[in-house]
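In what follows, a single structure is set out as structure tokens and then discussed.
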Amino acid sequence: MSPSFPVATNPQGGPIVASIRVEFSDREIPPAGTFTLPLKGNANFRPYPVADPDPRKATLTMRGAGRDPKTPIPADRWAFGRCTSGKTSLVASATDICLFDGFKVDRLYELTYAAKDPIVMGLGYAVTRDVASFLRYQPRDDAGNANPLALGATNAGIRRAYGSGTSSTGMSMRDFLYLGFNEDEAHRKVFDAVNIHIPGTHRLLANVQFADPNTYARQDDRTDFVSTSYPPLTYAVTTDPISGIRDGILKRPKTDPLVIQTDTENEFWAMKASLNVHYGKGNPVKLPDNVRLYLLSNFQHGGGDPTAPVPGPPGMCANPTNPNYHGPTHRALLMALDAWADRGVEPPKSRYPRIEDKTLVSVDEYLTTFPAIPGAAMGRVLTELHALNFGPGFRSEGGIVASVSPTMGAKYQVLVPQAGKDGLNIAGIRQMEIRAPLGTNMGWNVRASGRREGNLCGLTGSFLPFAATRAQRMASSDPRESLEERYKDHQGYVNAVKKAATELKAEGFLLEEDAQRFVRSAEASNVLR
């Protein structure tokens with residue numbers, strides 16, 4: 001059975017209709033190309049149906065890369081519908097598009113069309129609030145149904161409630177807090193503490209008519225779409241010097257939770273994370289006392305698989321990838337969050353790059369210190385941020401997008417973590433893989449030739465292994481010390497892992513069981529056997 005969604009209705013009768021914009025890239029187009037795609041681009045998400053199927057009343061363009069000129073595709077070369085082999089196989093559909101000459105994987109396509117029946121996405125915040133509040137405070141709901149977590153008919157049994165969000169749900173959690181949903185309808189705090197992982201400064205901005213919360217702006221495509229970094233960017237209430245907006249994500253002391261946000265190096269390149277701690281024109285921003293920010297040094301955005309081999313396959317990227325596992329640091333910080341909320345034990349101080357100590361720098365400054373690693377494709381671009389004007393009905397809280405292609409105003413200054421020896425971040429937690437490294441981990445990667453070469457490779461990082469011996473690195477002109485020079489032999493590597501584990505435990509960023517796993521893994525490895 002198809003799920004039902006709350007659809008907004010027009011008080012004057014009939015459906016709500018508005019122009020929306022979607023983009024199709026190699027996120028959706030298969031390597032061999034295709035003749036047809038859902039209007040959402042991805043079959044896992046429900047598209048907004050077209051209100052008028054006449055392609056002459058819509059616009060479809062094609063370009064090579066994000067900033068390239070857009071070439072209009074004539075209305076007689078495409079149609080709303082599904083097709084397997086072009087025009088002759090066309091079947092009309094209100095939620096699909098058929099391009100008679102086929103979508104090519106190395107192109108970006110942008111469709112603007114009149115859509116209908118917007119889903120009330122902002123209710124998701126209310127649902128999160130109400131479900132969490134019920135589980136925490138009520139033994140039974142208003143209809144008499146028992147709370148499955150309750151300890152008895154009159155005892156909900158919950159002492160603390162914590163929220164968590166990763167990537168898009170992390171963006172959602174930032175929006176949840178900003179919009180005031182951490183206060184329930186009885187004016188009680190919903191979550192005592194929240195763990196927000198890898199959103200950078202993005203908010204989901206789901207409280208928008210015709211919201212598109214699974215799309216996010218990034219350097220290689222969709223650069224000016226709604227789900228992006230929009231003021232306020234900081235947890236503290238500040239005055240944004242670019243937009244003039246004075247606001248903050250946390251501005252309700254009675255119901256604001258404790259916050260731990262973790263970002264990888266990737267979010268600084270792809271999701272403007274530096275703007276958590278400095279203004280758009282520079283100058284540092286102080287963090288509120290109830291917030292901790294941590295950088296997972298040199299990791300990429302995705303790192304949820306402990307069995308993933310490092311380096312990973314390059315795929316569409318120029319460098320091998322960097323799927324280092326985030327779990328050990330996450331587990332330690334979850335314990336710290338619980339101790340903070342439940343017992344008042346202060347967590348470790350923030351470990352986030354800052355302008356004050358020169359650990360946040362421009363891309364040009366970063367490149368001057370990065371080692372000249374033979375064969376490495378270098379990142380020279382990041383996701384920029386401009387003041388975006390979506391029309392008079394759009395504001396920080398959301399609203400209506402009248403300008404689907406927003407005008408771009410002044411540019412924000414966006415910075416990245418500085419690189420030290422071996423290209424590894426100076427700031428941050430510096431996990432095991434950075435303290436006892438087997439190569440240079442980077443949070444960024446770039447696209448390989450043939451598919452928007454030189455642009456960022458999405459949310460993917462890089463891993464460039466060290467040479468095994470001094471002779472090998474000298475032969476390749478690698479400036480980085482070899483494994484042999486660093487550790488001498490296998491036991492030397494194991495000892496380095498043990499030392500790093502001891503340090504990380506003492507600093508509060510590693511649990512004993514994970515420390516033991518790292519040591520066992522090092523002992524069983526073939527490093528310098």
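Starting from 1 in every chain, residues are counted up; chains themselves are A, B, ... following the order of the structure tokens, and ligands are numbered from 1 as listed.
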
Considering only C-alpha atoms, tabulate each residue of segment 314-385 of chain A that lies at most 12 Å from segment 264-276 of chain A along with its nearest interatomic pair and the corresponding distance in Å to one decimal; arrange the rows by chain and ascending residue number and present them as a tab-separated table.
residue	atom	partner	partner_atom	distance
A:Asn322	CA	A:Asn266	CA	10.7
A:Pro323	CA	A:Thr264	CA	11.6
A:Asn324	CA	A:Thr264	CA	10.8
A:Tyr325	CA	A:Thr264	CA	11.4
A:His326	CA	A:Thr264	CA	9.2
A:Thr329	CA	A:Thr264	CA	11.4
A:His330	CA	A:Thr264	CA	11.9
A:Arg351	CA	A:Thr264	CA	11.6
A:Tyr352	CA	A:Ser274	CA	8.9
A:Pro353	CA	A:Ser274	CA	7.9
A:Arg354	CA	A:Ser274	CA	8.2
A:Ile355	CA	A:Ser274	CA	9.2
A:Thr359	CA	A:Ser274	CA	10.6
A:Leu360	CA	A:Ser274	CA	7.5
A:Val361	CA	A:Ser274	CA	9.5
A:Ser362	CA	A:Trp269	CA	10.5
A:Val363	CA	A:Trp269	CA	9.0
A:Tyr366	CA	A:Trp269	CA	11.5
A:Gly379	CA	A:Trp269	CA	9.2
A:Arg380	CA	A:Trp269	CA	9.9
A:Val381	CA	A:Trp269	CA	7.9
A:Leu382	CA	A:Trp269	CA	4.9
A:Thr383	CA	A:Ala270	CA	5.0
A:Glu384	CA	A:Lys272	CA	7.4
A:Leu385	CA	A:Lys272	CA	7.5

Next, the residues of the selection above should be written as an mmCIF file, in the first residue's frame with N, CA, C and O atoms.
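Generated output (out.cif):
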data_model
loop_
_atom_site.group_PDB
_atom_site.id
_atom_site.type_symbol
_atom_site.label_atom_id
_atom_site.label_comp_id
_atom_site.auth_asym_id
_atom_site.auth_seq_id
_atom_site.Cartn_x
_atom_site.Cartn_y
_atom_site.Cartn_z
ATOM 1 N N ASN A 322 38.677 7.206 0.861
ATOM 2 C CA ASN A 322 39.093 7.242 2.260
ATOM 3 C C ASN A 322 37.926 6.894 3.198
ATOM 4 O O ASN A 322 37.458 7.738 3.954
ATOM 5 N N PRO A 323 37.421 5.659 3.149
ATOM 6 C CA PRO A 323 36.239 5.324 3.964
ATOM 7 C C PRO A 323 36.571 4.922 5.401
ATOM 8 O O PRO A 323 36.064 3.931 5.923
ATOM 9 N N ASN A 324 37.445 5.694 6.065
ATOM 10 C CA ASN A 324 37.768 5.378 7.453
ATOM 11 C C ASN A 324 36.511 5.437 8.322
ATOM 12 O O ASN A 324 35.665 6.310 8.168
ATOM 13 N N TYR A 325 36.425 4.528 9.255
ATOM 14 C CA TYR A 325 35.227 4.313 10.071
ATOM 15 C C TYR A 325 35.115 5.359 11.173
ATOM 16 O O TYR A 325 36.058 5.572 11.949
ATOM 17 N N HIS A 326 33.967 6.026 11.275
ATOM 18 C CA HIS A 326 33.741 7.062 12.283
ATOM 19 C C HIS A 326 33.389 6.490 13.658
ATOM 20 O O HIS A 326 33.388 7.219 14.647
ATOM 21 N N THR A 329 35.258 7.105 17.414
ATOM 22 C CA THR A 329 35.132 8.454 17.966
ATOM 23 C C THR A 329 33.692 8.745 18.361
ATOM 24 O O THR A 329 33.425 9.349 19.413
ATOM 25 N N HIS A 330 32.752 8.299 17.539
ATOM 26 C CA HIS A 330 31.331 8.484 17.839
ATOM 27 C C HIS A 330 30.955 7.859 19.174
ATOM 28 O O HIS A 330 30.234 8.456 19.980
ATOM 29 N N ARG A 351 37.378 20.633 19.722
ATOM 30 C CA ARG A 351 38.571 20.436 18.889
ATOM 31 C C ARG A 351 38.155 20.736 17.452
ATOM 32 O O ARG A 351 37.792 19.827 16.696
ATOM 33 N N TYR A 352 38.174 21.983 17.119
ATOM 34 C CA TYR A 352 37.681 22.449 15.820
ATOM 35 C C TYR A 352 38.668 23.488 15.336
ATOM 36 O O TYR A 352 39.146 24.305 16.138
ATOM 37 N N PRO A 353 39.009 23.519 14.068
ATOM 38 C CA PRO A 353 39.966 24.530 13.614
ATOM 39 C C PRO A 353 39.420 25.940 13.802
ATOM 40 O O PRO A 353 38.210 26.167 13.714
ATOM 41 N N ARG A 354 40.334 26.874 14.053
ATOM 42 C CA ARG A 354 39.941 28.251 14.360
ATOM 43 C C ARG A 354 40.825 29.228 13.586
ATOM 44 O O ARG A 354 41.983 28.938 13.285
ATOM 45 N N ILE A 355 40.268 30.393 13.334
ATOM 46 C CA ILE A 355 41.038 31.468 12.713
ATOM 47 C C ILE A 355 42.135 31.951 13.655
ATOM 48 O O ILE A 355 43.269 32.230 13.237
ATOM 49 N N THR A 359 44.608 27.617 12.208
ATOM 50 C CA THR A 359 44.322 26.255 11.742
ATOM 51 C C THR A 359 43.153 26.233 10.767
ATOM 52 O O THR A 359 42.787 25.171 10.269
ATOM 53 N N LEU A 360 42.551 27.401 10.512
ATOM 54 C CA LEU A 360 41.572 27.582 9.441
ATOM 55 C C LEU A 360 42.180 28.536 8.426
ATOM 56 O O LEU A 360 42.572 29.660 8.781
ATOM 57 N N VAL A 361 42.241 28.105 7.160
ATOM 58 C CA VAL A 361 42.938 28.901 6.150
ATOM 59 C C VAL A 361 42.180 28.847 4.828
ATOM 60 O O VAL A 361 41.271 28.032 4.642
ATOM 61 N N SER A 362 42.565 29.683 3.900
ATOM 62 C CA SER A 362 42.005 29.636 2.551
ATOM 63 C C SER A 362 42.551 28.419 1.813
ATOM 64 O O SER A 362 43.569 27.823 2.209
ATOM 65 N N VAL A 363 41.900 28.049 0.719
ATOM 66 C CA VAL A 363 42.388 26.929 -0.090
ATOM 67 C C VAL A 363 43.796 27.218 -0.597
ATOM 68 O O VAL A 363 44.658 26.327 -0.612
ATOM 69 N N TYR A 366 46.197 26.567 2.122
ATOM 70 C CA TYR A 366 46.266 25.121 2.331
ATOM 71 C C TYR A 366 47.215 24.475 1.323
ATOM 72 O O TYR A 366 48.050 23.640 1.678
ATOM 73 N N GLY A 379 42.934 19.137 -4.838
ATOM 74 C CA GLY A 379 41.692 19.888 -4.718
ATOM 75 C C GLY A 379 41.975 21.380 -4.693
ATOM 76 O O GLY A 379 42.715 21.859 -3.830
ATOM 77 N N ARG A 380 41.409 22.105 -5.635
ATOM 78 C CA ARG A 380 41.655 23.545 -5.737
ATOM 79 C C ARG A 380 40.365 24.357 -5.631
ATOM 80 O O ARG A 380 40.380 25.575 -5.794
ATOM 81 N N VAL A 381 39.251 23.676 -5.399
ATOM 82 C CA VAL A 381 37.956 24.352 -5.296
ATOM 83 C C VAL A 381 37.217 23.828 -4.069
ATOM 84 O O VAL A 381 37.507 22.737 -3.569
ATOM 85 N N LEU A 382 36.277 24.628 -3.577
ATOM 86 C CA LEU A 382 35.400 24.180 -2.505
ATOM 87 C C LEU A 382 33.993 24.697 -2.788
ATOM 88 O O LEU A 382 33.771 25.440 -3.742
ATOM 89 N N THR A 383 33.045 24.273 -1.965
ATOM 90 C CA THR A 383 31.679 24.741 -2.135
ATOM 91 C C THR A 383 31.577 26.154 -1.595
ATOM 92 O O THR A 383 31.734 26.386 -0.397
ATOM 93 N N GLU A 384 31.339 27.086 -2.489
ATOM 94 C CA GLU A 384 31.234 28.483 -2.087
ATOM 95 C C GLU A 384 29.826 28.781 -1.569
ATOM 96 O O GLU A 384 28.899 28.010 -1.772
ATOM 97 N N LEU A 385 29.715 29.906 -0.907
ATOM 98 C CA LEU A 385 28.414 30.350 -0.418
ATOM 99 C C LEU A 385 28.229 31.820 -0.744
ATOM 100 O O LEU A 385 29.102 32.644 -0.458
#

From a backbone DSSP assignment, name each residue in segment 245-388 of chain A labelled strand (DSSP E), as a VMD selection string.
chain A and resid 246 to 247 258 to 264 278 to 279 282 to 284 291 to 296 360 to 361 386 to 388

Residues of segment 40-125 of chain A at most 10 Å from segment 208-230 of chain A: nearest atom pair and distance in Å, only C-alpha atoms, as a Markdown table:
| residue | atom | partner | partner_atom | distance |
| --- | --- | --- | --- | --- |
| A:Lys40 | CA | A:Asp212 | CA | 9.0 |
| A:Asn42 | CA | A:Asn214 | CA | 10.0 |
| A:Phe45 | CA | A:Asn214 | CA | 8.1 |
| A:Arg46 | CA | A:Asp212 | CA | 10.0 |
| A:Pro47 | CA | A:Asp212 | CA | 9.3 |
| A:Tyr48 | CA | A:Phe210 | CA | 7.7 |
| A:Ala65 | CA | A:Asp220 | CA | 7.3 |
| A:Gly66 | CA | A:Asp221 | CA | 5.5 |
| A:Arg67 | CA | A:Asp221 | CA | 9.0 |
| A:Leu108 | CA | A:Asp221 | CA | 7.8 |
| A:Glu110 | CA | A:Arg222 | CA | 9.3 |
| A:Ala115 | CA | A:Phe210 | CA | 8.3 |
| A:Lys116 | CA | A:Phe210 | CA | 8.5 |
| A:Asp117 | CA | A:Phe210 | CA | 8.1 |
| A:Pro118 | CA | A:Phe210 | CA | 4.8 |
| A:Ile119 | CA | A:Phe210 | CA | 6.6 |
| A:Val120 | CA | A:Gln209 | CA | 7.2 |
| A:Met121 | CA | A:Ala211 | CA | 6.6 |
| A:Gly122 | CA | A:Val208 | CA | 7.2 |

Export of prior selection with C-alpha atoms as a compact mmCIF listing (two decimals), in the first residue's frame:
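Output file result.txt is given in full below:
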# COMPACT_ATOMS: atom_id res chain seq x y z
CA LYS A 40 12.92 13.52 -8.58
CA ASN A 42 15.91 9.06 -7.84
CA PHE A 45 11.91 9.64 -3.42
CA ARG A 46 8.43 10.78 -4.41
CA PRO A 47 8.45 13.49 -7.13
CA TYR A 48 6.04 16.40 -7.21
CA ALA A 65 29.66 21.58 -15.40
CA GLY A 66 28.12 23.69 -12.67
CA ARG A 67 29.17 27.15 -13.89
CA LEU A 108 24.05 18.24 -15.96
CA GLU A 110 18.10 21.22 -15.16
CA ALA A 115 4.38 21.28 -9.97
CA LYS A 116 1.33 20.62 -7.84
CA ASP A 117 0.37 19.09 -4.47
CA PRO A 118 3.23 20.19 -2.19
CA ILE A 119 3.81 17.88 0.77
CA VAL A 120 3.83 19.58 4.18
CA MET A 121 7.39 18.52 5.01
CA GLY A 122 7.66 20.81 8.01

Just how far from atom CA of Val527 of chain A is atom CA of Lys488 of chain A, in Å to one decimal?
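Between these atoms lies a distance of 10.5 Å.
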
Compile the contact shell of segment 27-33 of chain A as an NGL selection string: residues with an atom at most 10 Å away, counting only C-alpha atoms, same-chain residues fewer than 2 positions apart removed.
:A and (23-25 or 35-38 or 40-43 or 102-108 or 221 or 316 or 458)

Taking 6 positions as the minimum chain separation for residues in the same chain, which residues sit within 9 Å of Lys87 of chain A when counting only C-alpha atoms? Answer as a short mmCIF file (atom, residue, chain, number, x, y, z; two decimals) with C-alpha atoms, in the first residue's frame.
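Saved the output as result.cif:
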data_model
loop_
_atom_site.label_atom_id
_atom_site.label_comp_id
_atom_site.auth_asym_id
_atom_site.auth_seq_id
_atom_site.Cartn_x
_atom_site.Cartn_y
_atom_site.Cartn_z
CA PHE A 35 16.31 7.75 -21.76
CA ARG A 77 13.01 16.65 -27.96
CA TRP A 78 11.56 15.58 -24.60
CA ALA A 79 8.28 14.88 -22.82
CA CYS A 98 11.76 11.16 -21.19
CA LEU A 99 14.63 12.70 -23.16
CA PHE A 100 14.38 11.41 -26.72
CA ASP A 101 18.15 11.60 -27.32
#

Neighbours of Val494 of chain A within 10 Å (only C-alpha atoms; same-chain residues fewer than 6 positions away dropped), as a PyMOL selection string?
chain A and resi 436+487+500+518-525+527

Neighbouring residues of Leu60 of chain A were defined as those with any atom within 10 Å, considering only C-alpha atoms; residues of the same chain fewer than 5 positions away were excluded. Please report them as number ranges by chain.
A: 21-23, 55, 70-75, 77-78, 99, 109-113

Write out the residues from the selection above, keeping N, CA and C atoms, as an mmCIF file, in the first residue's frame.
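Okay, again_24.cif is ready:
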data_model
loop_
_atom_site.group_PDB
_atom_site.id
_atom_site.type_symbol
_atom_site.label_atom_id
_atom_site.label_comp_id
_atom_site.auth_asym_id
_atom_site.auth_seq_id
_atom_site.Cartn_x
_atom_site.Cartn_y
_atom_site.Cartn_z
ATOM 1 N N ARG A 21 12.366 23.555 -9.421
ATOM 2 C CA ARG A 21 13.550 23.259 -10.232
ATOM 3 C C ARG A 21 14.182 21.976 -9.716
ATOM 4 N N VAL A 22 14.536 21.087 -10.631
ATOM 5 C CA VAL A 22 15.239 19.862 -10.274
ATOM 6 C C VAL A 22 16.454 19.736 -11.178
ATOM 7 N N GLU A 23 17.436 18.990 -10.704
ATOM 8 C CA GLU A 23 18.649 18.784 -11.497
ATOM 9 C C GLU A 23 18.944 17.297 -11.584
ATOM 10 N N PRO A 55 5.406 20.295 -22.548
ATOM 11 C CA PRO A 55 6.813 20.669 -22.353
ATOM 12 C C PRO A 55 7.131 22.095 -22.783
ATOM 13 N N LYS A 70 24.018 27.303 -19.744
ATOM 14 C CA LYS A 70 22.957 26.308 -19.886
ATOM 15 C C LYS A 70 22.381 26.383 -21.305
ATOM 16 N N THR A 71 22.394 25.241 -21.995
ATOM 17 C CA THR A 71 21.859 25.173 -23.353
ATOM 18 C C THR A 71 20.441 24.629 -23.307
ATOM 19 N N PRO A 72 19.439 25.402 -23.769
ATOM 20 C CA PRO A 72 18.059 24.897 -23.752
ATOM 21 C C PRO A 72 17.893 23.699 -24.687
ATOM 22 N N ILE A 73 17.119 22.714 -24.252
ATOM 23 C CA ILE A 73 16.765 21.559 -25.079
ATOM 24 C C ILE A 73 15.370 21.825 -25.636
ATOM 25 N N PRO A 74 15.196 21.795 -26.949
ATOM 26 C CA PRO A 74 13.888 22.116 -27.547
ATOM 27 C C PRO A 74 12.764 21.263 -26.976
ATOM 28 N N ALA A 75 11.588 21.864 -26.876
ATOM 29 C CA ALA A 75 10.437 21.186 -26.279
ATOM 30 C C ALA A 75 9.999 19.964 -27.074
ATOM 31 N N ARG A 77 12.005 17.703 -28.154
ATOM 32 C CA ARG A 77 13.010 16.645 -27.964
ATOM 33 C C ARG A 77 12.844 15.933 -26.628
ATOM 34 N N TRP A 78 11.774 16.255 -25.880
ATOM 35 C CA TRP A 78 11.556 15.575 -24.605
ATOM 36 C C TRP A 78 10.081 15.653 -24.261
ATOM 37 N N LEU A 99 13.806 11.915 -22.240
ATOM 38 C CA LEU A 99 14.628 12.702 -23.165
ATOM 39 C C LEU A 99 14.890 11.839 -24.389
ATOM 40 N N TYR A 109 21.656 18.280 -16.224
ATOM 41 C CA TYR A 109 20.380 18.681 -16.815
ATOM 42 C C TYR A 109 19.551 19.372 -15.741
ATOM 43 N N GLU A 110 18.917 20.471 -16.112
ATOM 44 C CA GLU A 110 18.105 21.217 -15.162
ATOM 45 C C GLU A 110 16.704 21.416 -15.734
ATOM 46 N N LEU A 111 15.712 21.016 -14.952
ATOM 47 C CA LEU A 111 14.313 21.099 -15.370
ATOM 48 C C LEU A 111 13.564 22.053 -14.447
ATOM 49 N N THR A 112 12.878 23.023 -15.033
ATOM 50 C CA THR A 112 11.972 23.895 -14.297
ATOM 51 C C THR A 112 10.568 23.653 -14.823
ATOM 52 N N TYR A 113 9.653 23.304 -13.923
ATOM 53 C CA TYR A 113 8.293 22.991 -14.361
ATOM 54 C C TYR A 113 7.284 23.397 -13.297
#

Can you tell me, as a PDB file with C-alpha atoms, in the first residue's frame, what residues are no more than 8 Å from Glu183 of chain A when counting only C-alpha atoms, ignoring any on the same chain fewer than 5 positions away?
ATOM      1  CA  ARG A 129       8.934  16.614  18.870  1.00  0.00           C
ATOM      2  CA  ARG A 188       8.853  21.194  28.400  1.00  0.00           C
ATOM      3  CA  LYS A 189      12.310  20.426  27.013  1.00  0.00           C
ATOM      4  CA  VAL A 190      12.161  17.494  24.566  1.00  0.00           C
ATOM      5  CA  THR A 255      14.668  24.529  26.281  1.00  0.00           C
TER       6      THR A 255
END

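Among the candidate residues A:Thr262, A:Thr369, A:Asn389, A:Ser167, the one lying nearest to Ser243 of chain A is A:Asn389, with distances computed using only C-alpha atoms.
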
What does the distance between atom CA of Glu503 of chain A and atom CA of Arg430 of chain A come to in Å, to one decimal place?
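Going from atom CA of Glu503 of chain A over to atom CA of Arg430 of chain A covers 10.6 Å.
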
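Of the residues listed (A:Leu388, A:Ile429, A:Cys457, A:Met378), A:Leu388 shows the shortest atom-to-atom separation from Ala410 of chain A; distances use only C-alpha atoms.
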
Where in segment 164-202 of chain A does DSSP assign alpha helix (DSSP H), given as a ChimeraX atom specification?
/A:168-178

Selection to disk with C-alpha atoms, as a CSV table (one decimal), in the first residue's frame:
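In the end it all went to out_8.csv:
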chain,number,residue,atom,x,y,z
A,168,SER,CA,20.8,15.0,6.2
A,169,THR,CA,19.2,14.2,9.5
A,170,GLY,CA,21.9,16.2,11.1
A,171,MET,CA,20.8,19.2,9.0
A,172,SER,CA,17.3,18.4,10.1
A,173,MET,CA,18.3,18.5,13.8
A,174,ARG,CA,19.9,21.9,13.3
A,175,ASP,CA,16.6,23.1,11.8
A,176,PHE,CA,14.6,21.4,14.5
A,177,LEU,CA,16.5,23.3,17.2
A,178,TYR,CA,16.4,26.6,15.3

Just to confirm, what's the straight-line distance from atom CA of Gly248 of chain A to atom CA of Leu233 of chain A in Å (one decimal)?
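A separation of 7.0 Å between them.
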
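The shortest atom-to-atom distance to Leu333 of chain A, with only C-alpha atoms taken into account, belongs to A:Gln261 out of A:Thr407, A:Thr61, A:Asn526, A:Gln261.
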